[in-house]
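Trainee: My structure file data.txt, compact mmCIF, N, CA and C atoms, is below:
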# COMPACT_ATOMS: atom_id res chain seq x y z
N MET A 1 17.36 -0.54 -4.66
CA MET A 1 18.28 -1.38 -5.40
C MET A 1 17.48 -2.35 -6.25
N VAL A 2 18.03 -2.65 -7.40
CA VAL A 2 17.37 -3.53 -8.36
C VAL A 2 18.33 -4.65 -8.74
N GLY A 3 17.79 -5.84 -8.99
CA GLY A 3 18.58 -6.95 -9.49
C GLY A 3 19.69 -7.36 -8.55
N ASP A 4 20.88 -7.58 -9.12
CA ASP A 4 22.02 -8.04 -8.33
C ASP A 4 22.49 -7.02 -7.32
N ALA A 5 22.14 -5.75 -7.50
CA ALA A 5 22.50 -4.75 -6.50
C ALA A 5 21.74 -5.01 -5.21
N PHE A 6 20.57 -5.64 -5.31
CA PHE A 6 19.78 -5.98 -4.12
C PHE A 6 20.24 -7.31 -3.54
N ALA A 7 20.32 -8.32 -4.38
CA ALA A 7 20.71 -9.66 -3.92
C ALA A 7 21.27 -10.44 -5.10
N PHE A 8 22.49 -10.89 -4.96
CA PHE A 8 23.09 -11.71 -6.01
C PHE A 8 22.70 -13.15 -5.76
N VAL A 9 22.16 -13.79 -6.77
CA VAL A 9 21.77 -15.19 -6.68
C VAL A 9 22.60 -15.95 -7.70
N ASP A 10 23.23 -17.01 -7.25
CA ASP A 10 24.06 -17.84 -8.12
C ASP A 10 23.28 -18.20 -9.37
N PRO A 11 23.86 -17.95 -10.55
CA PRO A 11 23.12 -18.20 -11.80
C PRO A 11 23.14 -19.65 -12.26
N MET A 12 23.16 -20.58 -11.32
CA MET A 12 23.20 -21.99 -11.67
C MET A 12 22.07 -22.36 -12.64
N PHE A 13 20.90 -21.84 -12.38
CA PHE A 13 19.76 -22.13 -13.23
C PHE A 13 19.28 -20.85 -13.94
N SER A 14 20.14 -19.87 -14.05
CA SER A 14 19.82 -18.55 -14.62
C SER A 14 18.74 -17.84 -13.81
N SER A 15 18.56 -18.25 -12.60
CA SER A 15 17.54 -17.63 -11.76
C SER A 15 17.91 -16.20 -11.40
N GLY A 16 19.20 -15.92 -11.27
CA GLY A 16 19.63 -14.56 -10.95
C GLY A 16 19.23 -13.58 -12.03
N VAL A 17 19.34 -14.01 -13.28
CA VAL A 17 18.93 -13.15 -14.41
C VAL A 17 17.43 -12.91 -14.34
N TYR A 18 16.67 -13.96 -14.08
CA TYR A 18 15.23 -13.82 -13.99
C TYR A 18 14.84 -12.87 -12.86
N LEU A 19 15.46 -13.05 -11.70
CA LEU A 19 15.14 -12.17 -10.56
C LEU A 19 15.49 -10.72 -10.86
N ALA A 20 16.62 -10.50 -11.52
CA ALA A 20 17.02 -9.13 -11.86
C ALA A 20 16.01 -8.50 -12.82
N MET A 21 15.60 -9.25 -13.82
CA MET A 21 14.63 -8.70 -14.79
C MET A 21 13.28 -8.45 -14.13
N ASN A 22 12.83 -9.39 -13.32
CA ASN A 22 11.55 -9.23 -12.65
C ASN A 22 11.57 -8.03 -11.71
N SER A 23 12.68 -7.86 -11.00
CA SER A 23 12.76 -6.73 -10.08
C SER A 23 12.76 -5.41 -10.83
N SER A 24 13.34 -5.38 -12.02
CA SER A 24 13.34 -4.13 -12.79
C SER A 24 11.93 -3.75 -13.22
N PHE A 25 11.11 -4.74 -13.57
CA PHE A 25 9.71 -4.44 -13.93
C PHE A 25 8.94 -3.89 -12.73
N GLU A 26 9.15 -4.53 -11.57
CA GLU A 26 8.46 -4.07 -10.35
C GLU A 26 8.92 -2.66 -9.97
N ALA A 27 10.21 -2.41 -10.06
CA ALA A 27 10.74 -1.09 -9.71
C ALA A 27 10.26 -0.03 -10.71
N ALA A 28 10.26 -0.38 -11.99
CA ALA A 28 9.82 0.57 -13.02
C ALA A 28 8.37 0.98 -12.81
N ALA A 29 7.54 0.05 -12.38
CA ALA A 29 6.13 0.39 -12.12
C ALA A 29 6.03 1.42 -11.00
N GLY A 30 6.83 1.26 -9.97
CA GLY A 30 6.84 2.23 -8.86
C GLY A 30 7.38 3.58 -9.27
N VAL A 31 8.45 3.59 -10.04
CA VAL A 31 9.05 4.84 -10.51
C VAL A 31 8.06 5.58 -11.41
N ASP A 32 7.38 4.84 -12.28
CA ASP A 32 6.40 5.46 -13.17
C ASP A 32 5.28 6.14 -12.36
N LEU A 33 4.79 5.46 -11.35
CA LEU A 33 3.75 6.05 -10.50
C LEU A 33 4.29 7.28 -9.76
N TRP A 34 5.50 7.20 -9.28
CA TRP A 34 6.10 8.32 -8.55
C TRP A 34 6.26 9.53 -9.46
N LEU A 35 6.78 9.29 -10.66
CA LEU A 35 7.01 10.39 -11.60
C LEU A 35 5.70 11.02 -12.09
N SER A 36 4.64 10.24 -12.12
CA SER A 36 3.34 10.78 -12.54
C SER A 36 2.65 11.52 -11.41
N GLY A 37 3.26 11.54 -10.23
CA GLY A 37 2.71 12.29 -9.10
C GLY A 37 1.79 11.49 -8.20
N ASN A 38 1.63 10.23 -8.47
CA ASN A 38 0.74 9.38 -7.67
C ASN A 38 1.57 8.73 -6.55
N THR A 39 1.90 9.53 -5.56
CA THR A 39 2.83 9.06 -4.51
C THR A 39 2.25 7.95 -3.64
N ARG A 40 0.96 7.99 -3.38
CA ARG A 40 0.35 6.93 -2.55
C ARG A 40 0.43 5.58 -3.26
N ALA A 41 0.08 5.58 -4.54
CA ALA A 41 0.16 4.33 -5.31
C ALA A 41 1.61 3.89 -5.47
N ALA A 42 2.52 4.86 -5.61
CA ALA A 42 3.95 4.54 -5.74
C ALA A 42 4.45 3.88 -4.46
N GLU A 43 4.07 4.42 -3.31
CA GLU A 43 4.50 3.82 -2.04
C GLU A 43 3.97 2.40 -1.91
N LYS A 44 2.74 2.18 -2.32
CA LYS A 44 2.16 0.83 -2.28
C LYS A 44 2.94 -0.10 -3.21
N GLN A 45 3.27 0.40 -4.40
CA GLN A 45 4.03 -0.41 -5.36
C GLN A 45 5.43 -0.72 -4.84
N PHE A 46 6.06 0.24 -4.20
CA PHE A 46 7.40 -0.01 -3.66
C PHE A 46 7.36 -1.00 -2.50
N ARG A 47 6.27 -1.02 -1.73
CA ARG A 47 6.12 -2.04 -0.69
C ARG A 47 5.98 -3.42 -1.34
N ARG A 48 5.22 -3.47 -2.44
CA ARG A 48 5.09 -4.72 -3.20
C ARG A 48 6.46 -5.14 -3.74
N TYR A 49 7.18 -4.18 -4.28
CA TYR A 49 8.53 -4.44 -4.81
C TYR A 49 9.42 -5.05 -3.72
N ASP A 50 9.38 -4.47 -2.54
CA ASP A 50 10.19 -4.97 -1.44
C ASP A 50 9.82 -6.41 -1.09
N LYS A 51 8.53 -6.69 -1.08
CA LYS A 51 8.07 -8.05 -0.78
C LYS A 51 8.55 -9.03 -1.85
N VAL A 52 8.41 -8.63 -3.11
CA VAL A 52 8.85 -9.48 -4.23
C VAL A 52 10.35 -9.71 -4.16
N MET A 53 11.12 -8.67 -3.86
CA MET A 53 12.57 -8.79 -3.82
C MET A 53 13.05 -9.67 -2.68
N ARG A 54 12.32 -9.74 -1.62
CA ARG A 54 12.73 -10.61 -0.52
C ARG A 54 12.29 -12.06 -0.76
N HIS A 55 11.16 -12.22 -1.43
CA HIS A 55 10.62 -13.56 -1.67
C HIS A 55 11.46 -14.34 -2.69
N GLY A 56 11.77 -13.73 -3.81
CA GLY A 56 12.48 -14.43 -4.88
C GLY A 56 13.82 -15.00 -4.46
N PRO A 57 14.74 -14.17 -3.97
CA PRO A 57 16.04 -14.71 -3.56
C PRO A 57 15.92 -15.75 -2.45
N LYS A 58 14.95 -15.58 -1.56
CA LYS A 58 14.77 -16.55 -0.47
C LYS A 58 14.41 -17.92 -1.04
N MET A 59 13.51 -17.94 -2.01
CA MET A 59 13.09 -19.22 -2.61
C MET A 59 14.25 -19.90 -3.33
N PHE A 60 14.94 -19.16 -4.19
CA PHE A 60 16.04 -19.74 -4.95
C PHE A 60 17.20 -20.12 -4.04
N SER A 61 17.48 -19.30 -3.05
CA SER A 61 18.62 -19.55 -2.18
C SER A 61 18.51 -20.87 -1.44
N TRP A 62 17.30 -21.23 -1.05
CA TRP A 62 17.13 -22.50 -0.33
C TRP A 62 17.70 -23.63 -1.17
N PHE A 63 17.39 -23.64 -2.46
CA PHE A 63 17.88 -24.71 -3.34
C PHE A 63 19.36 -24.55 -3.64
N ILE A 64 19.79 -23.34 -3.90
CA ILE A 64 21.19 -23.11 -4.27
C ILE A 64 22.13 -23.50 -3.15
N TYR A 65 21.79 -23.17 -1.90
CA TYR A 65 22.67 -23.52 -0.79
C TYR A 65 22.71 -25.02 -0.51
N ARG A 66 21.74 -25.74 -1.00
CA ARG A 66 21.67 -27.18 -0.72
C ARG A 66 21.93 -28.06 -1.93
N ILE A 67 22.11 -27.48 -3.10
CA ILE A 67 22.17 -28.27 -4.33
C ILE A 67 23.31 -29.28 -4.33
N THR A 68 24.40 -29.00 -3.62
CA THR A 68 25.52 -29.93 -3.59
C THR A 68 25.51 -30.83 -2.36
N SER A 69 24.45 -30.76 -1.58
CA SER A 69 24.42 -31.57 -0.35
C SER A 69 24.17 -33.04 -0.66
N PRO A 70 24.64 -33.91 0.19
CA PRO A 70 24.40 -35.35 -0.01
C PRO A 70 22.90 -35.69 -0.03
N ALA A 71 22.11 -34.98 0.76
CA ALA A 71 20.67 -35.28 0.81
C ALA A 71 19.99 -34.95 -0.51
N ILE A 72 20.33 -33.81 -1.11
CA ILE A 72 19.73 -33.46 -2.41
C ILE A 72 20.16 -34.49 -3.45
N ARG A 73 21.43 -34.87 -3.41
CA ARG A 73 21.91 -35.89 -4.35
C ARG A 73 21.08 -37.17 -4.18
N LYS A 74 20.81 -37.54 -2.94
CA LYS A 74 20.04 -38.76 -2.69
C LYS A 74 18.61 -38.62 -3.21
N VAL A 75 18.00 -37.46 -2.99
CA VAL A 75 16.63 -37.23 -3.46
C VAL A 75 16.58 -37.28 -4.99
N PHE A 76 17.55 -36.64 -5.65
CA PHE A 76 17.53 -36.60 -7.12
C PHE A 76 17.94 -37.92 -7.75
N MET A 77 18.76 -38.70 -7.06
CA MET A 77 19.19 -39.98 -7.62
C MET A 77 18.13 -41.07 -7.41
N ASN A 78 17.15 -40.80 -6.58
CA ASN A 78 16.04 -41.73 -6.36
C ASN A 78 14.73 -41.00 -6.66
N PRO A 79 14.55 -40.60 -7.91
CA PRO A 79 13.40 -39.73 -8.22
C PRO A 79 12.06 -40.46 -8.14
N SER A 80 11.11 -39.72 -7.66
CA SER A 80 9.72 -40.13 -7.73
C SER A 80 8.92 -38.84 -7.80
N ASN A 81 7.77 -38.93 -8.33
CA ASN A 81 6.97 -37.71 -8.48
C ASN A 81 5.81 -37.73 -7.49
N LEU A 82 6.14 -38.10 -6.28
CA LEU A 82 5.15 -38.14 -5.22
C LEU A 82 4.53 -36.77 -5.03
N TRP A 83 3.24 -36.68 -5.04
CA TRP A 83 2.48 -35.44 -4.86
C TRP A 83 2.85 -34.37 -5.88
N ARG A 84 3.35 -34.79 -7.03
CA ARG A 84 3.74 -33.88 -8.13
C ARG A 84 4.78 -32.85 -7.69
N MET A 85 5.70 -33.29 -6.87
CA MET A 85 6.75 -32.39 -6.38
C MET A 85 7.73 -32.01 -7.48
N GLN A 86 7.93 -32.89 -8.47
CA GLN A 86 8.83 -32.55 -9.57
C GLN A 86 8.35 -31.29 -10.29
N GLU A 87 7.05 -31.22 -10.55
CA GLU A 87 6.51 -30.04 -11.22
C GLU A 87 6.71 -28.78 -10.37
N ALA A 88 6.54 -28.91 -9.06
CA ALA A 88 6.73 -27.76 -8.18
C ALA A 88 8.18 -27.30 -8.21
N LEU A 89 9.10 -28.24 -8.15
CA LEU A 89 10.52 -27.89 -8.18
C LEU A 89 10.90 -27.27 -9.52
N LEU A 90 10.45 -27.87 -10.60
CA LEU A 90 10.74 -27.30 -11.92
C LEU A 90 10.10 -25.93 -12.08
N SER A 91 8.95 -25.74 -11.51
CA SER A 91 8.28 -24.46 -11.56
C SER A 91 9.13 -23.38 -10.88
N ILE A 92 9.68 -23.71 -9.72
CA ILE A 92 10.55 -22.77 -9.02
C ILE A 92 11.80 -22.48 -9.85
N LEU A 93 12.44 -23.53 -10.34
CA LEU A 93 13.67 -23.34 -11.11
C LEU A 93 13.43 -22.59 -12.41
N ALA A 94 12.21 -22.65 -12.93
CA ALA A 94 11.86 -21.91 -14.14
C ALA A 94 11.47 -20.47 -13.83
N GLY A 95 11.39 -20.13 -12.55
CA GLY A 95 11.10 -18.75 -12.17
C GLY A 95 9.65 -18.46 -11.87
N ASP A 96 8.85 -19.47 -11.70
CA ASP A 96 7.43 -19.26 -11.42
C ASP A 96 7.23 -19.01 -9.93
N LEU A 97 7.70 -17.85 -9.49
CA LEU A 97 7.65 -17.53 -8.07
C LEU A 97 6.59 -16.51 -7.71
N PHE A 98 6.17 -15.74 -8.68
CA PHE A 98 5.41 -14.54 -8.36
C PHE A 98 3.94 -14.61 -8.79
N ARG A 99 3.54 -15.75 -9.35
CA ARG A 99 2.14 -15.93 -9.67
C ARG A 99 1.47 -16.72 -8.56
N LYS A 100 0.22 -16.92 -8.68
CA LYS A 100 -0.54 -17.65 -7.64
C LYS A 100 -0.56 -19.15 -7.93
N THR A 101 0.54 -19.68 -8.44
CA THR A 101 0.63 -21.11 -8.74
C THR A 101 0.60 -21.89 -7.42
N PRO A 102 -0.24 -22.92 -7.33
CA PRO A 102 -0.37 -23.66 -6.05
C PRO A 102 0.75 -24.67 -5.84
N ILE A 103 1.96 -24.18 -5.64
CA ILE A 103 3.10 -25.08 -5.47
C ILE A 103 3.59 -25.13 -4.03
N GLY A 104 3.09 -24.24 -3.19
CA GLY A 104 3.56 -24.16 -1.80
C GLY A 104 3.53 -25.48 -1.05
N PRO A 105 2.38 -26.18 -1.02
CA PRO A 105 2.34 -27.45 -0.28
C PRO A 105 3.30 -28.50 -0.86
N ARG A 106 3.47 -28.50 -2.17
CA ARG A 106 4.39 -29.46 -2.78
C ARG A 106 5.84 -29.15 -2.41
N LEU A 107 6.17 -27.87 -2.35
CA LEU A 107 7.52 -27.51 -1.95
C LEU A 107 7.78 -27.85 -0.49
N LEU A 108 6.77 -27.66 0.35
CA LEU A 108 6.91 -28.08 1.76
C LEU A 108 7.15 -29.58 1.85
N ALA A 109 6.43 -30.35 1.02
CA ALA A 109 6.62 -31.80 1.01
C ALA A 109 8.03 -32.14 0.54
N PHE A 110 8.51 -31.43 -0.49
CA PHE A 110 9.87 -31.65 -0.97
C PHE A 110 10.89 -31.35 0.13
N LYS A 111 10.68 -30.26 0.85
CA LYS A 111 11.60 -29.91 1.93
C LYS A 111 11.56 -30.97 3.04
N PHE A 112 10.37 -31.49 3.32
CA PHE A 112 10.24 -32.56 4.31
C PHE A 112 11.05 -33.78 3.87
N ILE A 113 10.92 -34.16 2.61
CA ILE A 113 11.68 -35.30 2.09
C ILE A 113 13.17 -35.01 2.13
N TYR A 114 13.55 -33.77 1.80
CA TYR A 114 14.96 -33.39 1.86
C TYR A 114 15.50 -33.56 3.28
N TYR A 115 14.78 -33.02 4.26
CA TYR A 115 15.26 -33.10 5.64
C TYR A 115 15.25 -34.53 6.16
N THR A 116 14.32 -35.34 5.69
CA THR A 116 14.31 -36.76 6.04
C THR A 116 15.55 -37.44 5.44
N ALA A 117 15.85 -37.09 4.18
CA ALA A 117 17.05 -37.63 3.54
C ALA A 117 18.30 -37.18 4.29
N CYS A 118 18.27 -35.96 4.82
CA CYS A 118 19.42 -35.48 5.63
C CYS A 118 19.67 -36.41 6.81
N LEU A 119 18.59 -36.87 7.42
CA LEU A 119 18.76 -37.78 8.57
C LEU A 119 19.40 -39.09 8.15
N THR A 120 19.10 -39.54 6.94
CA THR A 120 19.67 -40.82 6.48
C THR A 120 21.13 -40.68 6.07
N VAL A 121 21.55 -39.47 5.79
CA VAL A 121 22.96 -39.24 5.42
C VAL A 121 23.59 -38.25 6.40
N LEU A 122 23.16 -38.33 7.65
CA LEU A 122 23.56 -37.34 8.65
C LEU A 122 25.08 -37.14 8.76
N PRO A 123 25.87 -38.17 8.82
CA PRO A 123 27.32 -37.91 8.92
C PRO A 123 27.85 -37.08 7.74
N ASN A 124 27.43 -37.42 6.53
CA ASN A 124 27.87 -36.64 5.36
C ASN A 124 27.27 -35.25 5.36
N ALA A 125 26.02 -35.12 5.82
CA ALA A 125 25.37 -33.80 5.86
C ALA A 125 26.09 -32.88 6.84
N VAL A 126 26.48 -33.41 8.00
CA VAL A 126 27.21 -32.60 8.98
C VAL A 126 28.57 -32.21 8.42
N LYS A 127 29.25 -33.15 7.80
CA LYS A 127 30.56 -32.87 7.20
C LYS A 127 30.43 -31.78 6.12
N THR A 128 29.41 -31.86 5.29
CA THR A 128 29.19 -30.86 4.25
C THR A 128 28.86 -29.51 4.86
N PHE A 129 28.03 -29.49 5.90
CA PHE A 129 27.68 -28.23 6.58
C PHE A 129 28.93 -27.57 7.15
N LEU A 130 29.75 -28.34 7.83
CA LEU A 130 30.97 -27.78 8.43
C LEU A 130 31.94 -27.29 7.36
N TRP A 131 32.05 -28.04 6.27
CA TRP A 131 32.90 -27.62 5.15
C TRP A 131 32.42 -26.30 4.57
N ARG A 132 31.09 -26.20 4.35
CA ARG A 132 30.52 -24.97 3.79
C ARG A 132 30.73 -23.79 4.75
N ARG A 133 30.51 -24.02 6.02
CA ARG A 133 30.69 -22.96 7.02
C ARG A 133 32.15 -22.50 7.08
N ARG A 134 33.06 -23.42 7.02
CA ARG A 134 34.49 -23.08 7.03
C ARG A 134 34.85 -22.26 5.79
N ASN A 135 34.30 -22.62 4.63
CA ASN A 135 34.57 -21.88 3.39
C ASN A 135 34.00 -20.48 3.46
N VAL A 136 32.81 -20.33 4.04
CA VAL A 136 32.20 -19.00 4.17
C VAL A 136 33.04 -18.11 5.09
N LYS A 137 33.47 -18.68 6.23
CA LYS A 137 34.32 -17.92 7.16
C LYS A 137 35.62 -17.50 6.49
N GLN A 138 36.21 -18.41 5.75
CA GLN A 138 37.46 -18.11 5.06
C GLN A 138 37.24 -17.01 4.02
N ALA A 139 36.17 -17.08 3.27
CA ALA A 139 35.87 -16.06 2.27
C ALA A 139 35.63 -14.71 2.91
N LEU A 140 34.96 -14.70 4.04
CA LEU A 140 34.71 -13.44 4.76
C LEU A 140 36.01 -12.85 5.29
N GLN A 141 36.89 -13.70 5.79
CA GLN A 141 38.17 -13.21 6.29
C GLN A 141 39.02 -12.65 5.17
N GLU A 142 39.01 -13.30 4.01
CA GLU A 142 39.79 -12.83 2.87
C GLU A 142 39.22 -11.53 2.32
N ALA A 143 37.91 -11.36 2.40
CA ALA A 143 37.27 -10.16 1.87
C ALA A 143 37.41 -8.97 2.80
N GLY A 144 37.49 -9.23 4.08
CA GLY A 144 37.44 -8.09 4.99
C GLY A 144 38.60 -8.01 5.86
Take the structure in the file and write it out as structure tokens.
Mentor:
Amino acid sequence: MVGDAFAFVDPMFSSGVYLAMNSSFEAAAGVDLWLSGNTRAAEKQFRRYDKVMRHGPKMFSWFIYRITSPAIRKVFMNPSNLWRMQEALLSILAGDLFRKTPIGPRLLAFKFIYYTACLTVLPNAVKTFLWRRRNVKQALQEAG
């Protein structure tokens, strides 16, 4: 599966379009190798494709599922560029997921600050979590 057939990502930041296009390039490389008869290289490429397809949606999803949370609002309303985390966040939102950009430690720091902010707004965070969970259950019941 390629693009949204593999994983639909909310296009809030057009990240879903980017992931779909990136996955098509990765898949096309594997198909090209397969069609040329290089099955070993094709299998290696398809393993890479699988890794890429799991990594991208996972990275974007973390932000998308939390973008409306009180803690994210608190972090964004009190901006600081401690440890250059703004660049790391913008890098992710711009789709810089698949290069060797050294943003991992900055994103971990951002997540730490997010979870710390969650503690400061714990009552609202719990209320938002329960609201989101109730909406997901309702959507699943309506769909199935």
Trainee: Work out how far apart CA of Ala20 in chain A and CA of Leu89 in chain A are and give it in Å to one decimal.
Mentor: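 Value for the CA of Ala20 in chain A-CA of Leu89 in chain A distance: 20.2 Å.
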Trainee: May I ask for the distance between atom C of Val31 in chain A and atom C of Tyr49 in chain A, given in Å to one decimal place?
Mentor: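 Between these atoms lies a distance of 13.2 Å.
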Trainee: Using only C-alpha atoms, which residue out of A:Gln138, A:Ser23, A:Thr120, A:Ser91 lies closest to Arg54 in chain A?
Mentor: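 That would be A:Ser23, the residue with the smallest distance to Arg54 in chain A.
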Trainee: Residues at most 6.5 Å from Ala71 in chain A, counting all atoms listed in the file, excluding those fewer than 2 positions away in the same chain, as a tab-separated table (two decimals) with N, CA and C atoms, in the frame of the given file?
Mentor:
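In the end it all went to result.tsv:
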chain	number	residue	atom	x	y	z
A	68	THR	N	24.40	-29.00	-3.62
A	68	THR	CA	25.52	-29.93	-3.59
A	68	THR	C	25.51	-30.83	-2.36
A	69	SER	N	24.45	-30.76	-1.58
A	69	SER	CA	24.42	-31.57	-0.35
A	69	SER	C	24.17	-33.04	-0.66
A	73	ARG	N	21.43	-34.87	-3.41
A	73	ARG	CA	21.91	-35.89	-4.35
A	73	ARG	C	21.08	-37.17	-4.18
A	74	LYS	N	20.81	-37.54	-2.94
A	74	LYS	CA	20.04	-38.76	-2.69
A	74	LYS	C	18.61	-38.62	-3.21
A	75	VAL	N	18.00	-37.46	-2.99
A	75	VAL	CA	16.63	-37.23	-3.46
A	75	VAL	C	16.58	-37.28	-4.99
A	76	PHE	N	17.55	-36.64	-5.65
A	76	PHE	CA	17.53	-36.60	-7.12
A	76	PHE	C	17.94	-37.92	-7.75
A	114	TYR	N	13.55	-33.77	1.80
A	114	TYR	CA	14.96	-33.39	1.86
A	114	TYR	C	15.50	-33.56	3.28
A	117	ALA	N	15.85	-37.09	4.18
A	117	ALA	CA	17.05	-37.63	3.54
A	117	ALA	C	18.30	-37.18	4.29
A	118	CYS	N	18.27	-35.96	4.82
A	118	CYS	CA	19.42	-35.48	5.63
A	118	CYS	C	19.67	-36.41	6.81
A	121	VAL	N	21.55	-39.47	5.79
A	121	VAL	CA	22.96	-39.24	5.42
A	121	VAL	C	23.59	-38.25	6.40
A	125	ALA	N	26.02	-35.12	5.82
A	125	ALA	CA	25.37	-33.80	5.86
A	125	ALA	C	26.09	-32.88	6.84
Trainee: Any idea what the distance is between CA of Leu122 in chain A and CA of Leu108 in chain A?
Mentor: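 If I compute the distance from CA of Leu122 in chain A to CA of Leu108 in chain A, I get 20.3 Å.
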Trainee: Return the padded bounding box of range 22-33 of chain A as lines of an AutoDock Vina configuration file: axis-aligned, built from all atoms listed in the file, 6 Å added on each side, with centre and edge lengths in Å to one decimal.
Mentor:
center_x = 8.5
center_y = -1.1
center_z = -11.4
size_x = 21.6
size_y = 28.7
size_z = 17.1
Trainee: Just checking: using all atoms listed in the file, which residue out of A:Phe112, A:Ala27, A:Gly104, A:Gly144 ends up closest to Asp50 in chain A?
Mentor: A:Ala27
Trainee: For Lys51 in chain A, which residue out of A:Glu26, A:Tyr18, A:Leu35, A:Arg133 is the nearest one, using only C-alpha atoms?
Mentor: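 Distance minimum relative to Lys51 in chain A lands on A:Glu26.
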Trainee: Between A:Ala88, A:Ile67, A:Lys44, A:Arg134, single out the one closest to Leu107 in chain A, counting all atoms listed in the file.
Mentor: A:Ala88
Trainee: Since fewer atoms than expected are present, regenerate all heavy atoms for range 116-122 of chain A and write them as a PDB file, keeping the file's coordinate frame.
Mentor:
ATOM      1  N   THR A 116      14.320 -35.340   5.690  1.00  0.00           N
ATOM      2  CA  THR A 116      14.310 -36.760   6.040  1.00  0.00           C
ATOM      3  C   THR A 116      15.550 -37.440   5.440  1.00  0.00           C
ATOM      4  O   THR A 116      16.210 -38.237   6.095  1.00  0.00           O
ATOM      5  CB  THR A 116      13.024 -37.436   5.538  1.00  0.00           C
ATOM      6  OG1 THR A 116      11.901 -36.769   6.123  1.00  0.00           O
ATOM      7  CG2 THR A 116      12.994 -38.903   5.890  1.00  0.00           C
ATOM      8  N   ALA A 117      15.850 -37.090   4.180  1.00  0.00           N
ATOM      9  CA  ALA A 117      17.050 -37.630   3.540  1.00  0.00           C
ATOM     10  C   ALA A 117      18.300 -37.180   4.290  1.00  0.00           C
ATOM     11  O   ALA A 117      19.279 -37.933   4.379  1.00  0.00           O
ATOM     12  CB  ALA A 117      17.114 -37.201   2.078  1.00  0.00           C
ATOM     13  N   CYS A 118      18.270 -35.960   4.820  1.00  0.00           N
ATOM     14  CA  CYS A 118      19.420 -35.480   5.630  1.00  0.00           C
ATOM     15  C   CYS A 118      19.670 -36.410   6.810  1.00  0.00           C
ATOM     16  O   CYS A 118      20.824 -36.686   7.156  1.00  0.00           O
ATOM     17  CB  CYS A 118      19.170 -34.066   6.141  1.00  0.00           C
ATOM     18  SG  CYS A 118      19.497 -32.774   4.954  1.00  0.00           S
ATOM     19  N   LEU A 119      18.590 -36.870   7.420  1.00  0.00           N
ATOM     20  CA  LEU A 119      18.760 -37.780   8.570  1.00  0.00           C
ATOM     21  C   LEU A 119      19.400 -39.090   8.150  1.00  0.00           C
ATOM     22  O   LEU A 119      20.173 -39.674   8.912  1.00  0.00           O
ATOM     23  CB  LEU A 119      17.412 -38.034   9.238  1.00  0.00           C
ATOM     24  CG  LEU A 119      16.782 -36.832   9.928  1.00  0.00           C
ATOM     25  CD1 LEU A 119      15.398 -37.200  10.462  1.00  0.00           C
ATOM     26  CD2 LEU A 119      17.667 -36.316  11.047  1.00  0.00           C
ATOM     27  N   THR A 120      19.100 -39.540   6.940  1.00  0.00           N
ATOM     28  CA  THR A 120      19.670 -40.820   6.480  1.00  0.00           C
ATOM     29  C   THR A 120      21.130 -40.680   6.070  1.00  0.00           C
ATOM     30  O   THR A 120      21.826 -41.683   6.005  1.00  0.00           O
ATOM     31  CB  THR A 120      18.857 -41.411   5.315  1.00  0.00           C
ATOM     32  OG1 THR A 120      18.977 -40.552   4.173  1.00  0.00           O
ATOM     33  CG2 THR A 120      17.396 -41.587   5.691  1.00  0.00           C
ATOM     34  N   VAL A 121      21.550 -39.470   5.790  1.00  0.00           N
ATOM     35  CA  VAL A 121      22.960 -39.240   5.420  1.00  0.00           C
ATOM     36  C   VAL A 121      23.590 -38.250   6.400  1.00  0.00           C
ATOM     37  O   VAL A 121      24.430 -37.440   6.029  1.00  0.00           O
ATOM     38  CB  VAL A 121      23.088 -38.724   3.963  1.00  0.00           C
ATOM     39  CG1 VAL A 121      22.688 -39.786   2.965  1.00  0.00           C
ATOM     40  CG2 VAL A 121      22.307 -37.453   3.757  1.00  0.00           C
ATOM     41  N   LEU A 122      23.160 -38.330   7.650  1.00  0.00           N
ATOM     42  CA  LEU A 122      23.560 -37.340   8.650  1.00  0.00           C
ATOM     43  C   LEU A 122      25.080 -37.140   8.760  1.00  0.00           C
ATOM     44  O   LEU A 122      25.529 -35.991   8.765  1.00  0.00           O
ATOM     45  CB  LEU A 122      22.964 -37.690  10.019  1.00  0.00           C
ATOM     46  CG  LEU A 122      23.111 -36.631  11.090  1.00  0.00           C
ATOM     47  CD1 LEU A 122      22.474 -35.320  10.645  1.00  0.00           C
ATOM     48  CD2 LEU A 122      22.488 -37.102  12.386  1.00  0.00           C
TER      49      LEU A 122
END
